[in-house]
Amino acid sequence: MTSAAQQLADTGQDLHRFLAVYRELYPDDVLSLREPVSRDQDVTAAVWSLAARGQHPALMFERVEGLSGPLLTNLFASRERVGRMLGGVSPAGIHAEYQARSRRMVEPRERQSGAVTQHVVSGDVDLNAVPTIRHFATDRGPYITNAIIVAEDREAGIGNLSYHRSMLHSRSEIATSLHSRGHLWRMLQAVQAKGRPLPVAMVIGAHPLFMLAGAARLPYGVDERRVAGGLFGAPLEVVRTPKYGIAVPAHAEYVLEGVIDPEARAEEGPFGEFTGYSSDRSTNNLLRVETLLHRDDAWLLDVVGGNSAEHLNLGRIPRESEMVEKLKERFPGVTAVHYPSSGTHFHAYVALKQSRPGEARQVMLGLLGWDPYLKTVVAVDEDVDITRDEEVLWALATHLQPHLDVVMVEGLPGSALDPSASGVGTTSRMGLDATRGPNFDGIRARIDDAAMARAAALLARAR
Ligand SMILES: Cc1cc2nc3c(=O)[nH]c(=O)nc-3n(C[C@H](O)[C@H](O)[C@H](O)COP(=O)(O)O)c2cc1C
């Protein structure tokens with residue numbers, strides 16, 4: 001580990017300490033804005049304007065109208081930054097490092113108190129004390145985008161973390177969506193069958209490695225809090241919530257504790273989703289909040305919504321890591337895998353050194369079968385730089401014959417939020433084989449290295 005990475009790791013699990021040291025190490029990668037901004041769209045507008053210039057710094061808004069404390073956002077927008085969080089690896093090294101760390105699961109360590117227990121309000125909770133902002137003009141209202149719901153089934157020894165967009169429904173109630181129908185949904189169905197509500201805790205803001213663990217997709221019953229321990233290389237420090245005893249990060253910014261009533265419904269959405277579209281496809285669940293915990297100097301740690309680099313990276317770095325590992329293990333000819341941001345969660349590019357005809361199709365079908373979100377996979381030869389959309393489009397333009405090179409599969413489960421998919425929740429998927437194949441006889445136009453060197457020298461002199 002580099003010394004910078006060690007200094008970051010030494011900050012422990014506290015977001016404030018993490019940012020203080022990160023800012024010292026990488027001052028150009030944290031942009032602080034001191035002028036007051038509106039809580040209505042200004043934060044998203046700033047992120048979008050910077051992204052249009054190719055800039056993705058972490059953004060600290062010191063003064064947001066209507067919020068009692070600062071707002072930090074865009075932490076996951078840059079893969080360089082994510083690599084630094086993971087011990088100083090390069091963007092290309094993130095998948096292997098994430099896999100290695102997340103495999104070393106560590107049980108959480110319980111503490112009696114932590115920063116988040118500095119304020120505990122039980123009973124008459126007023127959720128207006130929790131900061132929220134409106135991200136898009138098309139959103140129904142202000143939203144909590146960084147809401148990680150922790151659920152525990154003590155009898156079965158199961159714990160789960162997952163993100164759920166959330167908005168205030170009333171003074172003590174939150175409307176939220178479980179449209180991914182993952183493990184929290186499954187736990188809710190189980191308690192519904194027994195006629196009981198599901199106690200949960202919602203963590204709003206904690207150390208970024210806890211956030212990354214929260215986005216992991218694991219087999220049912222595998223607790224993401226153990227993955228957080230693996231990512232930290234130390235047990236996740238937790239405190240138990242007062243009423244239901246749910247283990248939450250001791251250094252979190254805000255935690256809400258309450259129950260999801262499986263019978264109750266609350267309208268929420270539309271909300272700007274990862275597809276770049278505003279979606280009202282929601283399960284409209286209701287969370288009744290009974291306890292509010294927060295630290296003295298709590299920040300709002302926001303996740304940029306829509307098809308922002310942050311939202312896409314956070315949602316897919318754990319999934320990409322798993323897919324890349326699986327694919328390379330099964331198909332040693334695969335040299336690179338890339339999920340382009342232009343494709344939100346629906347496109348992947350694979351480069352391979354094909355050793356026999358048909359291998360590209362097999363690889364594409366593997367990925368299309370394993371990754372629940374993918375709709376299109378493009379396979380290219382190993383010399384194509386798949387981190388560049390234009391290179392992949394060039395390979396498609398010049399190597400692919402549609403009647404020969406397209407594999408299509410219909411009627412598979414897909415993302416509930418894909419606006420092009422029907423309401424029944426199925427999608428079709430395709431593999432585009434843009435490898436050159438055995439009969440390809442194109443000869444790539446080439447410039448000698450010596451000529452390129454002469455041009456570089458000539459142009460340097462001309463400046
Ligand atoms: C930033 C972010 C926001 C998300 N928002 C939602 C959401 O509003 N509703 C939902 O059902 N899933 C959402 N997800 C996806 C779930 O968190 C994801 O499916 C989760 O990994 C499911 O985990 P589980 O199977 O352990 O429940 C979001 C993911 C991320 C990273």
# chains A, B, ... in the order shown; residues from 1 in each chain; ligands from 1

call {"tool": "closest_atom_pairs", "arguments": {"of": "chain A", "to": "ligand 1", "cutoff": "9 Å", "atoms": "only C-alpha atoms and all ligand atoms", "output": "JSON lines"}}
result
{"residue": "A:Thr145", "atom": "CA", "partner": "ligand 1", "partner_atom_place_in_ligand_line": "1 (C)", "distance": 6.5}
{"residue": "A:Asn146", "atom": "CA", "partner": "ligand 1", "partner_atom_place_in_ligand_line": "1 (C)", "distance": 6.3}
{"residue": "A:Ala147", "atom": "CA", "partner": "ligand 1", "partner_atom_place_in_ligand_line": "3 (C)", "distance": 7.8}
{"residue": "A:Ile148", "atom": "CA", "partner": "ligand 1", "partner_atom_place_in_ligand_line": "17 (O)", "distance": 7.6}
{"residue": "A:Ile149", "atom": "CA", "partner": "ligand 1", "partner_atom_place_in_ligand_line": "17 (O)", "distance": 8.7}
{"residue": "A:Gly159", "atom": "CA", "partner": "ligand 1", "partner_atom_place_in_ligand_line": "26 (O)", "distance": 9.0}
{"residue": "A:Asn160", "atom": "CA", "partner": "ligand 1", "partner_atom_place_in_ligand_line": "26 (O)", "distance": 5.6}
{"residue": "A:Leu161", "atom": "CA", "partner": "ligand 1", "partner_atom_place_in_ligand_line": "26 (O)", "distance": 5.7}
{"residue": "A:Ser162", "atom": "CA", "partner": "ligand 1", "partner_atom_place_in_ligand_line": "17 (O)", "distance": 4.0}
{"residue": "A:Tyr163", "atom": "CA", "partner": "ligand 1", "partner_atom_place_in_ligand_line": "17 (O)", "distance": 3.6}
{"residue": "A:His164", "atom": "CA", "partner": "ligand 1", "partner_atom_place_in_ligand_line": "8 (O)", "distance": 3.5}
{"residue": "A:Arg165", "atom": "CA", "partner": "ligand 1", "partner_atom_place_in_ligand_line": "8 (O)", "distance": 3.7}
{"residue": "A:Ser166", "atom": "CA", "partner": "ligand 1", "partner_atom_place_in_ligand_line": "8 (O)", "distance": 7.1}
{"residue": "A:Thr176", "atom": "CA", "partner": "ligand 1", "partner_atom_place_in_ligand_line": "8 (O)", "distance": 6.9}
{"residue": "A:Ser177", "atom": "CA", "partner": "ligand 1", "partner_atom_place_in_ligand_line": "9 (N)", "distance": 4.8}
{"residue": "A:Leu178", "atom": "CA", "partner": "ligand 1", "partner_atom_place_in_ligand_line": "11 (O)", "distance": 3.4}
{"residue": "A:His179", "atom": "CA", "partner": "ligand 1", "partner_atom_place_in_ligand_line": "11 (O)", "distance": 3.9}
{"residue": "A:Ser180", "atom": "CA", "partner": "ligand 1", "partner_atom_place_in_ligand_line": "11 (O)", "distance": 3.6}
{"residue": "A:Arg181", "atom": "CA", "partner": "ligand 1", "partner_atom_place_in_ligand_line": "11 (O)", "distance": 5.8}
{"residue": "A:Gly182", "atom": "CA", "partner": "ligand 1", "partner_atom_place_in_ligand_line": "25 (O)", "distance": 3.6}
{"residue": "A:His183", "atom": "CA", "partner": "ligand 1", "partner_atom_place_in_ligand_line": "27 (O)", "distance": 3.6}
{"residue": "A:Leu184", "atom": "CA", "partner": "ligand 1", "partner_atom_place_in_ligand_line": "27 (O)", "distance": 4.7}
{"residue": "A:Trp185", "atom": "CA", "partner": "ligand 1", "partner_atom_place_in_ligand_line": "27 (O)", "distance": 6.9}
{"residue": "A:Arg186", "atom": "CA", "partner": "ligand 1", "partner_atom_place_in_ligand_line": "27 (O)", "distance": 8.0}
{"residue": "A:Met187", "atom": "CA", "partner": "ligand 1", "partner_atom_place_in_ligand_line": "27 (O)", "distance": 8.9}
{"residue": "A:Met211", "atom": "CA", "partner": "ligand 1", "partner_atom_place_in_ligand_line": "31 (C)", "distance": 8.3}
{"residue": "A:Leu212", "atom": "CA", "partner": "ligand 1", "partner_atom_place_in_ligand_line": "31 (C)", "distance": 8.0}
{"residue": "A:Gly214", "atom": "CA", "partner": "ligand 1", "partner_atom_place_in_ligand_line": "21 (O)", "distance": 6.8}
{"residue": "A:Ala215", "atom": "CA", "partner": "ligand 1", "partner_atom_place_in_ligand_line": "21 (O)", "distance": 4.7}
{"residue": "A:Ala216", "atom": "CA", "partner": "ligand 1", "partner_atom_place_in_ligand_line": "21 (O)", "distance": 5.2}
{"residue": "A:Arg217", "atom": "CA", "partner": "ligand 1", "partner_atom_place_in_ligand_line": "21 (O)", "distance": 4.7}
{"residue": "A:Leu218", "atom": "CA", "partner": "ligand 1", "partner_atom_place_in_ligand_line": "26 (O)", "distance": 6.2}
{"residue": "A:Pro219", "atom": "CA", "partner": "ligand 1", "partner_atom_place_in_ligand_line": "25 (O)", "distance": 7.8}
{"residue": "A:Tyr220", "atom": "CA", "partner": "ligand 1", "partner_atom_place_in_ligand_line": "26 (O)", "distance": 7.0}
{"residue": "A:Gly221", "atom": "CA", "partner": "ligand 1", "partner_atom_place_in_ligand_line": "26 (O)", "distance": 8.6}
{"residue": "A:Val222", "atom": "CA", "partner": "ligand 1", "partner_atom_place_in_ligand_line": "26 (O)", "distance": 8.3}
{"residue": "A:Asp223", "atom": "CA", "partner": "ligand 1", "partner_atom_place_in_ligand_line": "26 (O)", "distance": 8.1}
{"residue": "A:Glu224", "atom": "CA", "partner": "ligand 1", "partner_atom_place_in_ligand_line": "26 (O)", "distance": 7.6}
{"residue": "A:Glu273", "atom": "CA", "partner": "ligand 1", "partner_atom_place_in_ligand_line": "5 (N)", "distance": 8.3}
{"residue": "A:Phe274", "atom": "CA", "partner": "ligand 1", "partner_atom_place_in_ligand_line": "3 (C)", "distance": 8.3}
{"residue": "A:Ser282", "atom": "CA", "partner": "ligand 1", "partner_atom_place_in_ligand_line": "9 (N)", "distance": 7.9}
{"residue": "A:Thr283", "atom": "CA", "partner": "ligand 1", "partner_atom_place_in_ligand_line": "11 (O)", "distance": 8.2}
{"residue": "A:Val303", "atom": "CA", "partner": "ligand 1", "partner_atom_place_in_ligand_line": "1 (C)", "distance": 6.2}
{"residue": "A:Val304", "atom": "CA", "partner": "ligand 1", "partner_atom_place_in_ligand_line": "1 (C)", "distance": 8.0}
{"residue": "A:Gly305", "atom": "CA", "partner": "ligand 1", "partner_atom_place_in_ligand_line": "1 (C)", "distance": 7.5}
{"residue": "A:Glu310", "atom": "CA", "partner": "ligand 1", "partner_atom_place_in_ligand_line": "1 (C)", "distance": 8.1}
{"residue": "A:His311", "atom": "CA", "partner": "ligand 1", "partner_atom_place_in_ligand_line": "1 (C)", "distance": 5.2}
{"residue": "A:Leu312", "atom": "CA", "partner": "ligand 1", "partner_atom_place_in_ligand_line": "31 (C)", "distance": 7.5}
{"residue": "A:Asn313", "atom": "CA", "partner": "ligand 1", "partner_atom_place_in_ligand_line": "31 (C)", "distance": 8.0}
{"residue": "A:Leu314", "atom": "CA", "partner": "ligand 1", "partner_atom_place_in_ligand_line": "31 (C)", "distance": 5.0}
{"residue": "A:Gly315", "atom": "CA", "partner": "ligand 1", "partner_atom_place_in_ligand_line": "31 (C)", "distance": 3.6}
{"residue": "A:Arg316", "atom": "CA", "partner": "ligand 1", "partner_atom_place_in_ligand_line": "31 (C)", "distance": 7.3}
{"residue": "A:Arg319", "atom": "CA", "partner": "ligand 1", "partner_atom_place_in_ligand_line": "21 (O)", "distance": 9.0}

call {"tool": "residues_around", "arguments": {"residues": "Ala45 of chain A", "least_positions_apart": "4", "cutoff": "12 Å", "atoms": "only C-alpha atoms", "output": "PyMOL selection string"}}
result
chain A and resi 37-41+49-52+134-137+304-306+308

call {"tool": "write_last_selection", "arguments": {"atoms": "C-alpha atoms", "output": "compact mmCIF listing (two decimals), in the first residue's frame"}}
result
# COMPACT_ATOMS: atom_id res chain seq x y z
CA VAL A 37 -26.95 27.43 -3.15
CA SER A 38 -30.58 26.40 -3.36
CA ARG A 39 -31.62 22.91 -2.26
CA ASP A 40 -33.71 22.78 -5.44
CA GLN A 41 -31.53 21.25 -8.24
CA SER A 49 -21.78 21.33 -15.46
CA LEU A 50 -18.47 19.94 -14.15
CA ALA A 51 -19.05 16.57 -15.84
CA ALA A 52 -19.61 18.37 -19.16
CA ARG A 134 -34.41 17.96 -4.83
CA HIS A 135 -32.17 16.61 -7.57
CA PHE A 136 -34.15 17.08 -10.81
CA ALA A 137 -36.99 19.34 -11.95
CA VAL A 304 -25.95 12.24 -7.30
CA GLY A 305 -29.04 10.87 -9.02
CA GLY A 306 -29.87 10.08 -12.64
CA SER A 308 -24.48 10.49 -13.27

call {"tool": "closest_atom_pairs", "arguments": {"of": "segment 199-308 of chain A", "to": "segment 15-29 of chain A", "cutoff": "9 Å", "atoms": "only C-alpha atoms", "output": "CSV"}}
result
residue,atom,partner,partner_atom,distance
A:Gly205,CA,A:Leu15,CA,8.2
A:Ala206,CA,A:Leu15,CA,5.9
A:His207,CA,A:Leu15,CA,4.6
A:Pro208,CA,A:Leu15,CA,7.3
A:His251,CA,A:Leu15,CA,7.6
A:Ala252,CA,A:Leu15,CA,7.9
A:Glu253,CA,A:Leu15,CA,8.4
A:Trp299,CA,A:His16,CA,8.7

call {"tool": "write_last_selection", "arguments": {"atoms": "C-alpha atoms", "output": "mmCIF file, in the first residue's frame"}}
result
data_model
loop_
_atom_site.group_PDB
_atom_site.id
_atom_site.type_symbol
_atom_site.label_atom_id
_atom_site.label_comp_id
_atom_site.auth_asym_id
_atom_site.auth_seq_id
_atom_site.Cartn_x
_atom_site.Cartn_y
_atom_site.Cartn_z
ATOM 1 C CA GLY A 205 -24.235 8.918 5.272
ATOM 2 C CA ALA A 206 -21.262 6.904 6.452
ATOM 3 C CA HIS A 207 -17.716 6.111 5.302
ATOM 4 C CA PRO A 208 -17.519 5.536 1.518
ATOM 5 C CA HIS A 251 -19.759 6.688 12.884
ATOM 6 C CA ALA A 252 -22.764 7.243 10.610
ATOM 7 C CA GLU A 253 -24.130 10.735 10.012
ATOM 8 C CA TRP A 299 -23.307 16.230 7.034
#

call {"tool": "closest_residue", "arguments": {"among": "A:Pro91, A:Pro36, A:Gly69, A:Gly54", "to": "Asp297 of chain A", "atoms": "only C-alpha atoms"}}
result
A:Gly69

call {"tool": "atom_distance", "arguments": {"atom1": "atom CA of Thr344 of chain A", "atom2": "atom CA of Asn307 of chain A"}}
result
6.4 Å

call {"tool": "closest_residue", "arguments": {"among": "A:Arg63, A:His294, A:His56, A:Arg84", "to": "Ala5 of chain A", "atoms": "only C-alpha atoms"}}
result
A:Arg84

call {"tool": "residues_around", "arguments": {"residues": "Ile386 of chain A", "least_positions_apart": "2", "cutoff": "7 Å", "atoms": "only C-alpha atoms", "output": "list of chain:residue names"}}
result
A:His338, A:Tyr349, A:Ala351, A:Val384, A:Arg388, A:Asp389, A:Glu391, A:Val392

call {"tool": "atom_distance", "arguments": {"atom1": "atom CA of Asp383 of chain A", "atom2": "atom CA of Leu458 of chain A"}}
result
28.1 Å

call {"tool": "select_by_dssp", "arguments": {"residues": "segment 16-185 of chain A", "states": "strand (DSSP E)", "output": "VMD selection string"}}
result
chain A and resid 30 to 33 58 to 61 71 to 73 109 to 110 119 to 122 147 to 153 158 to 163 166 to 170 173 to 176

call {"tool": "write_last_selection", "arguments": {"atoms": "N, CA and C atoms", "output": "JSON list (two decimals), in the first residue's frame"}}
result
[["chain", "number", "residue", "atom", "x", "y", "z"],
["A", 30, "VAL", "N", -10.97, 17.83, -4.42],
["A", 30, "VAL", "CA", -12.14, 18.18, -3.59],
["A", 30, "VAL", "C", -12.44, 19.65, -3.84],
["A", 31, "LEU", "N", -13.62, 19.92, -4.34],
["A", 31, "LEU", "CA", -13.99, 21.31, -4.62],
["A", 31, "LEU", "C", -14.98, 21.78, -3.56],
["A", 32, "SER", "N", -14.60, 22.83, -2.82],
["A", 32, "SER", "CA", -15.50, 23.37, -1.79],
["A", 32, "SER", "C", -16.18, 24.62, -2.33],
["A", 33, "LEU", "N", -17.48, 24.68, -2.18],
["A", 33, "LEU", "CA", -18.23, 25.84, -2.65],
["A", 33, "LEU", "C", -18.83, 26.53, -1.44],
["A", 58, "ALA", "N", -14.83, 15.49, -5.86],
["A", 58, "ALA", "CA", -15.77, 15.41, -4.74],
["A", 58, "ALA", "C", -16.20, 16.85, -4.47],
["A", 59, "LEU", "N", -17.47, 17.04, -4.16],
["A", 59, "LEU", "CA", -17.98, 18.40, -4.02],
["A", 59, "LEU", "C", -18.54, 18.62, -2.63],
["A", 60, "MET", "N", -18.01, 19.66, -1.97],
["A", 60, "MET", "CA", -18.51, 20.02, -0.65],
["A", 60, "MET", "C", -19.24, 21.35, -0.78],
["A", 61, "PHE", "N", -20.55, 21.34, -0.54],
["A", 61, "PHE", "CA", -21.32, 22.59, -0.53],
["A", 61, "PHE", "C", -21.44, 23.01, 0.93],
["A", 71, "LEU", "N", -23.13, 19.81, 2.72],
["A", 71, "LEU", "CA", -23.54, 18.68, 1.89],
["A", 71, "LEU", "C", -22.31, 18.22, 1.09],
["A", 72, "LEU", "N", -22.04, 16.94, 1.16],
["A", 72, "LEU", "CA", -20.92, 16.35, 0.40],
["A", 72, "LEU", "C", -21.51, 15.41, -0.64],
["A", 73, "THR", "N", -21.00, 15.53, -1.87],
["A", 73, "THR", "CA", -21.56, 14.66, -2.92],
["A", 73, "THR", "C", -20.50, 14.30, -3.95],
["A", 109, "ARG", "N", -17.88, -5.34, 14.76],
["A", 109, "ARG", "CA", -17.54, -5.28, 16.19],
["A", 109, "ARG", "C", -18.48, -4.28, 16.86],
["A", 110, "GLU", "N", -19.10, -4.73, 17.96],
["A", 110, "GLU", "CA", -20.10, -3.89, 18.60],
["A", 110, "GLU", "C", -19.46, -2.93, 19.60],
["A", 119, "HIS", "N", -26.80, 12.14, 19.36],
["A", 119, "HIS", "CA", -28.19, 12.62, 19.51],
["A", 119, "HIS", "C", -29.13, 11.47, 19.23],
["A", 120, "VAL", "N", -29.97, 11.15, 20.18],
["A", 120, "VAL", "CA", -30.95, 10.08, 19.97],
["A", 120, "VAL", "C", -32.32, 10.65, 20.32],
["A", 121, "VAL", "N", -33.21, 10.68, 19.32],
["A", 121, "VAL", "CA", -34.57, 11.18, 19.56],
["A", 121, "VAL", "C", -35.51, 10.00, 19.40],
["A", 122, "SER", "N", -36.19, 9.64, 20.47],
["A", 122, "SER", "CA", -37.12, 8.50, 20.40],
["A", 122, "SER", "C", -38.54, 9.01, 20.55],
["A", 147, "ALA", "N", -29.76, 6.41, 0.94],
["A", 147, "ALA", "CA", -30.47, 5.75, 2.04],
["A", 147, "ALA", "C", -30.19, 4.25, 1.97],
["A", 148, "ILE", "N", -29.39, 3.77, 2.92],
["A", 148, "ILE", "CA", -29.06, 2.34, 2.94],
["A", 148, "ILE", "C", -29.92, 1.70, 4.03],
["A", 149, "ILE", "N", -30.79, 0.81, 3.62],
["A", 149, "ILE", "CA", -31.68, 0.16, 4.60],
["A", 149, "ILE", "C", -31.01, -1.12, 5.11],
["A", 150, "VAL", "N", -30.93, -1.20, 6.44],
["A", 150, "VAL", "CA", -30.35, -2.37, 7.09],
["A", 150, "VAL", "C", -31.50, -3.17, 7.68],
["A", 151, "ALA", "N", -31.57, -4.45, 7.33],
["A", 151, "ALA", "CA", -32.63, -5.31, 7.90],
["A", 151, "ALA", "C", -31.97, -6.54, 8.49],
["A", 152, "GLU", "N", -32.54, -7.01, 9.59],
["A", 152, "GLU", "CA", -31.99, -8.21, 10.24],
["A", 152, "GLU", "C", -33.11, -9.19, 10.51],
["A", 153, "ASP", "N", -32.84, -10.46, 10.23],
["A", 153, "ASP", "CA", -33.73, -11.53, 10.67],
["A", 153, "ASP", "C", -32.90, -12.36, 11.64],
["A", 158, "ILE", "N", -29.83, -13.66, 9.49],
["A", 158, "ILE", "CA", -29.62, -12.99, 8.21],
["A", 158, "ILE", "C", -29.62, -11.48, 8.39],
["A", 159, "GLY", "N", -28.68, -10.81, 7.71],
["A", 159, "GLY", "CA", -28.67, -9.35, 7.69],
["A", 159, "GLY", "C", -28.51, -8.88, 6.26],
["A", 160, "ASN", "N", -29.04, -7.71, 5.94],
["A", 160, "ASN", "CA", -28.97, -7.24, 4.56],
["A", 160, "ASN", "C", -28.88, -5.71, 4.50],
["A", 161, "LEU", "N", -28.12, -5.22, 3.54],
["A", 161, "LEU", "CA", -28.07, -3.78, 3.24],
["A", 161, "LEU", "C", -28.50, -3.57, 1.80],
["A", 162, "SER", "N", -29.30, -2.55, 1.55],
["A", 162, "SER", "CA", -29.59, -2.16, 0.16],
["A", 162, "SER", "C", -30.04, -0.71, 0.12],
["A", 163, "TYR", "N", -29.80, -0.08, -1.02],
["A", 163, "TYR", "CA", -30.16, 1.33, -1.22],
["A", 163, "TYR", "C", -31.61, 1.45, -1.68],
["A", 166, "SER", "N", -35.68, 7.55, -1.18],
["A", 166, "SER", "CA", -36.64, 7.78, -0.11],
["A", 166, "SER", "C", -37.06, 9.23, -0.06],
["A", 167, "MET", "N", -38.34, 9.45, 0.20],
["A", 167, "MET", "CA", -38.80, 10.84, 0.38],
["A", 167, "MET", "C", -39.70, 10.94, 1.60],
["A", 168, "LEU", "N", -39.72, 12.15, 2.17],
["A", 168, "LEU", "CA", -40.58, 12.35, 3.34],
["A", 168, "LEU", "C", -42.05, 12.21, 2.93],
["A", 169, "HIS", "N", -42.77, 11.40, 3.69],
["A", 169, "HIS", "CA", -44.19, 11.23, 3.41],
["A", 169, "HIS", "C", -45.02, 12.04, 4.42],
["A", 170, "SER", "N", -44.54, 12.02, 5.66],
["A", 170, "SER", "CA", -45.16, 12.84, 6.71],
["A", 170, "SER", "C", -44.07, 13.14, 7.74],
["A", 173, "GLU", "N", -42.91, 9.64, 8.70],
["A", 173, "GLU", "CA", -43.00, 8.51, 7.76],
["A", 173, "GLU", "C", -42.23, 8.80, 6.47],
["A", 174, "ILE", "N", -41.71, 7.73, 5.91],
["A", 174, "ILE", "CA", -40.94, 7.84, 4.67],
["A", 174, "ILE", "C", -41.55, 6.94, 3.62],
["A", 175, "ALA", "N", -41.65, 7.46, 2.40],
["A", 175, "ALA", "CA", -42.10, 6.63, 1.28],
["A", 175, "ALA", "C", -40.86, 6.18, 0.53],
["A", 176, "THR", "N", -40.80, 4.90, 0.20],
["A", 176, "THR", "CA", -39.59, 4.37, -0.44],
["A", 176, "THR", "C", -39.95, 3.31, -1.47]]

call {"tool": "residues_around", "arguments": {"residues": "Asp441 of chain A", "least_positions_apart": "3", "cutoff": "12 Å", "atoms": "only C-alpha atoms", "output": "ChimeraX atom specification"}}
result
/A:398-399,436-438,444

call {"tool": "closest_residue", "arguments": {"among": "A:Tyr373, A:Tyr339, A:Phe271, A:Tyr254", "to": "Leu300 of chain A", "atoms": "only C-alpha atoms"}}
result
A:Tyr254

call {"tool": "closest_residue", "arguments": {"among": "A:Glu359, A:Asp385, A:Glu325, A:Asp139", "to": "Tyr277 of chain A", "atoms": "only C-alpha atoms"}}
result
A:Asp139
